[in-house]
file work.txt (compact mmCIF, C-alpha atoms)
# COMPACT_ATOMS: atom_id res chain seq x y z
CA MET A 1 -10.13 150.16 -102.17
CA SER A 2 -8.44 148.43 -99.28
CA PRO A 3 -10.21 148.81 -95.93
CA LEU A 4 -6.86 149.86 -94.45
CA THR A 5 -6.55 152.65 -97.01
CA PHE A 6 -10.06 153.80 -96.16
CA LEU A 7 -9.26 153.84 -92.43
CA ALA A 8 -5.96 155.66 -92.94
CA ARG A 9 -7.28 158.22 -95.44
CA PRO A 10 -11.09 158.16 -95.78
CA ALA A 11 -11.07 161.20 -98.07
CA VAL A 12 -9.49 158.97 -100.74
CA TRP A 13 -12.82 157.10 -101.01
CA LEU A 14 -14.65 160.29 -101.98
CA THR A 15 -11.86 161.69 -104.16
CA ALA A 16 -11.66 158.39 -106.08
CA ALA A 17 -15.46 158.40 -106.55
CA SER A 18 -15.16 161.93 -107.92
CA ARG A 19 -12.14 161.31 -110.11
CA TYR A 20 -13.49 158.14 -111.72
CA ARG A 21 -17.09 159.48 -111.92
CA ILE A 22 -18.44 156.54 -109.90
CA SER A 23 -22.20 155.98 -109.94
CA GLY A 24 -22.46 153.40 -107.15
CA LEU A 25 -20.72 152.90 -103.80
CA ALA A 26 -21.17 150.66 -100.77
CA CYS A 27 -20.27 151.37 -97.17
CA PRO A 28 -21.40 150.27 -93.70
CA ASN A 29 -22.94 152.84 -91.38
CA PHE A 30 -19.71 153.17 -89.36
CA GLY A 31 -17.89 154.14 -92.58
CA LEU A 32 -20.30 157.00 -93.20
CA GLU A 33 -19.80 158.14 -89.58
CA TYR A 34 -16.03 157.79 -90.02
CA VAL A 35 -16.10 160.03 -93.10
CA LEU A 36 -18.14 162.61 -91.19
CA ARG A 37 -15.59 162.65 -88.34
CA LYS A 38 -12.33 162.38 -90.26
CA VAL A 39 -12.74 164.14 -93.64
CA SER A 40 -12.39 167.92 -93.59
CA ASP A 41 -14.04 170.37 -95.94
CA ALA A 42 -10.55 171.63 -96.77
CA GLU A 43 -9.57 168.16 -98.06
CA LEU A 44 -12.69 167.93 -100.23
CA ALA A 45 -12.31 171.47 -101.57
CA ALA A 46 -8.60 170.98 -102.33
CA ALA A 47 -9.40 167.82 -104.30
CA ARG A 48 -12.31 169.57 -106.08
CA VAL A 49 -14.58 166.68 -105.17
CA ASP A 50 -17.71 166.34 -107.34
CA LEU A 51 -20.10 163.65 -106.14
CA SER A 52 -22.89 164.46 -108.61
CA THR A 53 -22.42 161.23 -110.57
CA ILE A 54 -23.25 159.04 -107.56
CA ARG A 55 -26.69 157.47 -108.01
CA SER A 56 -26.59 154.92 -105.18
CA ILE A 57 -24.72 154.33 -101.94
CA LYS A 58 -25.66 150.95 -100.47
CA CYS A 59 -25.27 150.90 -96.71
CA GLY A 60 -25.35 147.60 -94.86
CA GLY A 61 -23.51 144.99 -92.83
CA GLU A 62 -24.78 146.56 -89.61
CA PRO A 63 -27.78 148.65 -88.55
CA CYS A 64 -28.14 151.75 -90.70
CA LEU A 65 -29.12 154.91 -88.87
CA ILE A 66 -31.40 157.42 -90.54
CA THR A 67 -29.69 160.22 -88.62
CA THR A 68 -26.34 159.16 -90.12
CA PHE A 69 -27.87 159.20 -93.62
CA GLU A 70 -29.26 162.68 -93.07
CA ARG A 71 -26.00 164.10 -91.68
CA PHE A 72 -23.94 162.46 -94.47
CA VAL A 73 -26.14 163.91 -97.21
CA GLU A 74 -26.28 167.34 -95.57
CA ARG A 75 -22.50 167.45 -95.18
CA LEU A 76 -21.76 166.33 -98.75
CA ALA A 77 -24.57 168.15 -100.58
CA PRO A 78 -22.24 171.11 -101.33
CA TYR A 79 -20.09 168.63 -103.28
CA GLY A 80 -22.99 167.46 -105.43
CA LEU A 81 -24.26 164.48 -103.42
CA ARG A 82 -28.00 164.06 -103.98
CA ALA A 83 -30.33 163.48 -101.04
CA ASP A 84 -31.82 160.29 -102.52
CA VAL A 85 -28.69 158.18 -102.98
CA LEU A 86 -28.39 156.36 -99.63
CA GLU A 87 -30.13 152.99 -99.36
CA ASN A 88 -30.26 150.29 -96.70
CA GLN A 89 -28.73 147.03 -97.84
CA TRP A 90 -29.16 143.73 -96.04
CA GLY A 91 -27.63 140.26 -96.34
CA CYS A 92 -26.20 138.46 -99.33
CA ALA A 93 -29.48 137.18 -100.80
CA GLU A 94 -31.13 140.57 -100.41
CA SER A 95 -28.11 142.25 -102.03
CA VAL A 96 -28.48 140.07 -105.10
CA ALA A 97 -32.22 140.77 -105.27
CA MET A 98 -31.66 144.52 -104.94
CA GLY A 99 -28.98 144.39 -107.62
CA LEU A 100 -31.44 142.78 -110.02
CA THR A 101 -34.25 145.27 -109.46
CA THR A 102 -34.84 148.57 -111.14
CA VAL A 103 -34.11 151.81 -109.32
CA GLN A 104 -36.97 152.63 -106.97
CA PRO A 105 -38.12 156.02 -105.72
CA ARG A 106 -36.37 157.50 -102.69
CA HIS A 107 -36.79 155.54 -99.50
CA ARG A 108 -39.58 156.62 -97.19
CA ILE A 109 -39.16 157.20 -93.48
CA PHE A 110 -42.03 156.17 -91.21
CA THR A 111 -42.65 157.16 -87.60
CA PHE A 112 -44.35 154.25 -85.87
CA ASP A 113 -45.77 153.29 -82.47
CA LYS A 114 -43.18 151.05 -80.73
CA ASP A 115 -45.81 149.45 -78.47
CA ARG A 116 -47.57 148.08 -81.54
CA LEU A 117 -44.49 146.22 -82.79
CA GLU A 118 -44.95 143.32 -80.41
CA ILE A 119 -45.37 139.90 -81.98
CA GLY A 120 -48.83 139.56 -83.41
CA LYS A 121 -49.54 143.27 -83.68
CA VAL A 122 -49.60 145.52 -86.72
CA ALA A 123 -47.18 148.45 -87.01
CA VAL A 124 -49.12 151.71 -86.91
CA GLU A 125 -47.79 154.97 -88.28
CA VAL A 126 -48.09 157.99 -85.96
CA GLU A 127 -47.99 161.67 -86.84
CA GLU A 128 -45.35 162.86 -84.39
CA SER A 129 -42.18 161.56 -82.85
CA THR A 130 -42.31 160.80 -79.12
CA LEU A 131 -40.37 158.66 -76.66
CA ARG A 132 -42.70 155.75 -77.49
CA SER A 133 -42.28 156.10 -81.24
CA GLY A 134 -39.49 155.01 -83.50
CA LEU A 135 -38.26 155.63 -87.01
CA ALA A 136 -38.16 152.98 -89.71
CA GLU A 137 -37.03 153.24 -93.28
CA ALA A 138 -38.78 151.53 -96.16
CA THR A 139 -36.95 151.07 -99.42
CA GLY A 140 -38.23 149.86 -102.76
CA ASN A 141 -41.97 150.19 -103.07
CA PRO A 142 -43.29 150.39 -99.49
CA GLN A 143 -46.93 149.89 -98.67
CA PRO A 144 -48.56 152.50 -96.43
CA LEU A 145 -48.93 151.74 -92.73
CA PRO A 146 -52.29 152.13 -91.03
CA LYS A 147 -52.70 155.51 -89.31
CA SER A 148 -52.96 155.70 -85.54
CA SER A 149 -56.29 156.70 -84.04
CA ASN A 150 -54.81 158.11 -80.78
CA SER A 151 -55.83 154.97 -78.87
CA HIS A 152 -54.82 151.36 -79.11
CA SER A 153 -57.78 149.43 -80.43
CA LYS A 154 -58.65 146.18 -78.67
CA ASN A 155 -60.16 144.88 -81.91
CA SER A 156 -58.40 141.59 -82.62
CA SER A 157 -58.37 142.21 -86.38
CA ASP A 158 -56.52 145.49 -85.74
CA ASN A 159 -53.95 143.96 -83.39
CA LYS A 160 -53.10 140.75 -85.17
CA THR A 161 -51.22 140.11 -88.35
CA ASN A 162 -53.03 138.33 -91.14
CA ASN A 163 -51.89 134.73 -91.23
CA ASN A 164 -53.58 132.89 -94.03
CA ASN A 165 -52.50 129.51 -92.64
CA SER A 166 -55.82 127.94 -91.79
CA SER A 167 -55.62 124.38 -90.51

call {"tool": "encode", "arguments": {"input": "work.txt", "output": "structure tokens"}}
result
Amino acid sequence: MSPLTFLARPAVWLTAASRYRISGLACPNFGLEYVLRKVSDAELAAARVDLSTIRSIKCGGEPCLITTFERFVERLAPYGLRADVLENQWGCAESVAMGLTTVQPRHRIFTFDKDRLEIGKVAVEVEESTLRSGLAEATGNPQPLPKSSNSHSKNSSDNKTNNNNSS
């Protein structure tokens, strides 16, 4: 589909996916936001849109926002869109690697301590969202983050990444 067609009539993207029973789509974050702003429920209902065949929507080319993913899925769930279809996609090399891998379980969203993301520190998962925490999405087969212990440890092994480059 031409980008100009998408910008002029974004509902065509979803109606084409429904009509041709598409299983995979790609779209940058702004495109998902654009669909949320410009496509009406009346348009989708009139076209009898069925998005149940979609297995993957790769989102990349710019930062992908978890809140956009959540709103997109919530808005299109009545038309059959599953909650686990949206995935972050990165650059060209990563796109090829992702295309060659098997389908992984749904991405996992972590809440982490922003102060611990400085160079040389380990990301630590926290239980609740605060002004000093942030969200991150892990796709594929993420490894668990260490849990926060309510205080920032001064232990150097806790605060530094493991570099196995011994000279």

call {"tool": "residues_around", "arguments": {"input": "work.txt", "residues": "range 12-24 of chain A", "least_positions_apart": "3", "cutoff": "12 Å", "atoms": "all atoms listed in the file", "output": "mmCIF file with C-alpha atoms, keeping the file's coordinate frame"}}
result
data_model
loop_
_atom_site.group_PDB
_atom_site.id
_atom_site.type_symbol
_atom_site.label_atom_id
_atom_site.label_comp_id
_atom_site.auth_asym_id
_atom_site.auth_seq_id
_atom_site.Cartn_x
_atom_site.Cartn_y
_atom_site.Cartn_z
ATOM 1 C CA MET A 1 -10.130 150.160 -102.170
ATOM 2 C CA SER A 2 -8.440 148.430 -99.280
ATOM 3 C CA PRO A 3 -10.210 148.810 -95.930
ATOM 4 C CA LEU A 4 -6.860 149.860 -94.450
ATOM 5 C CA THR A 5 -6.550 152.650 -97.010
ATOM 6 C CA PHE A 6 -10.060 153.800 -96.160
ATOM 7 C CA LEU A 7 -9.260 153.840 -92.430
ATOM 8 C CA ALA A 8 -5.960 155.660 -92.940
ATOM 9 C CA ARG A 9 -7.280 158.220 -95.440
ATOM 10 C CA CYS A 27 -20.270 151.370 -97.170
ATOM 11 C CA GLY A 31 -17.890 154.140 -92.580
ATOM 12 C CA LEU A 32 -20.300 157.000 -93.200
ATOM 13 C CA TYR A 34 -16.030 157.790 -90.020
ATOM 14 C CA VAL A 35 -16.100 160.030 -93.100
ATOM 15 C CA LEU A 36 -18.140 162.610 -91.190
ATOM 16 C CA LYS A 38 -12.330 162.380 -90.260
ATOM 17 C CA VAL A 39 -12.740 164.140 -93.640
ATOM 18 C CA SER A 40 -12.390 167.920 -93.590
ATOM 19 C CA ASP A 41 -14.040 170.370 -95.940
ATOM 20 C CA GLU A 43 -9.570 168.160 -98.060
ATOM 21 C CA LEU A 44 -12.690 167.930 -100.230
ATOM 22 C CA ALA A 45 -12.310 171.470 -101.570
ATOM 23 C CA ALA A 46 -8.600 170.980 -102.330
ATOM 24 C CA ALA A 47 -9.400 167.820 -104.300
ATOM 25 C CA ARG A 48 -12.310 169.570 -106.080
ATOM 26 C CA VAL A 49 -14.580 166.680 -105.170
ATOM 27 C CA ASP A 50 -17.710 166.340 -107.340
ATOM 28 C CA LEU A 51 -20.100 163.650 -106.140
ATOM 29 C CA SER A 52 -22.890 164.460 -108.610
ATOM 30 C CA THR A 53 -22.420 161.230 -110.570
ATOM 31 C CA ILE A 54 -23.250 159.040 -107.560
ATOM 32 C CA ARG A 55 -26.690 157.470 -108.010
ATOM 33 C CA SER A 56 -26.590 154.920 -105.180
ATOM 34 C CA ILE A 57 -24.720 154.330 -101.940
ATOM 35 C CA LYS A 58 -25.660 150.950 -100.470
ATOM 36 C CA CYS A 59 -25.270 150.900 -96.710
ATOM 37 C CA LEU A 76 -21.760 166.330 -98.750
ATOM 38 C CA TYR A 79 -20.090 168.630 -103.280
ATOM 39 C CA GLY A 80 -22.990 167.460 -105.430
ATOM 40 C CA LEU A 81 -24.260 164.480 -103.420
ATOM 41 C CA ARG A 82 -28.000 164.060 -103.980
ATOM 42 C CA VAL A 85 -28.690 158.180 -102.980
ATOM 43 C CA LEU A 86 -28.390 156.360 -99.630
ATOM 44 C CA GLU A 87 -30.130 152.990 -99.360
ATOM 45 C CA GLY A 99 -28.980 144.390 -107.620
ATOM 46 C CA VAL A 103 -34.110 151.810 -109.320
#

call {"tool": "atom_distance", "arguments": {"input": "work.txt", "atom1": "CA of Pro28 in chain A", "atom2": "CA of Gly60 in chain A"}}
result
4.9 Å

call {"tool": "atom_distance", "arguments": {"input": "work.txt", "atom1": "CA of Gly61 in chain A", "atom2": "CA of Ala11 in chain A"}}
result
21.1 Å

call {"tool": "atom_distance", "arguments": {"input": "work.txt", "atom1": "CA of Glu62 in chain A", "atom2": "CA of Ala26 in chain A"}}
result
12.4 Å

call {"tool": "closest_residue", "arguments": {"input": "work.txt", "among": "A:Gln89, A:Glu33, A:Asp84, A:Val124", "to": "Thr67 in chain A", "atoms": "only C-alpha atoms"}}
result
A:Glu33
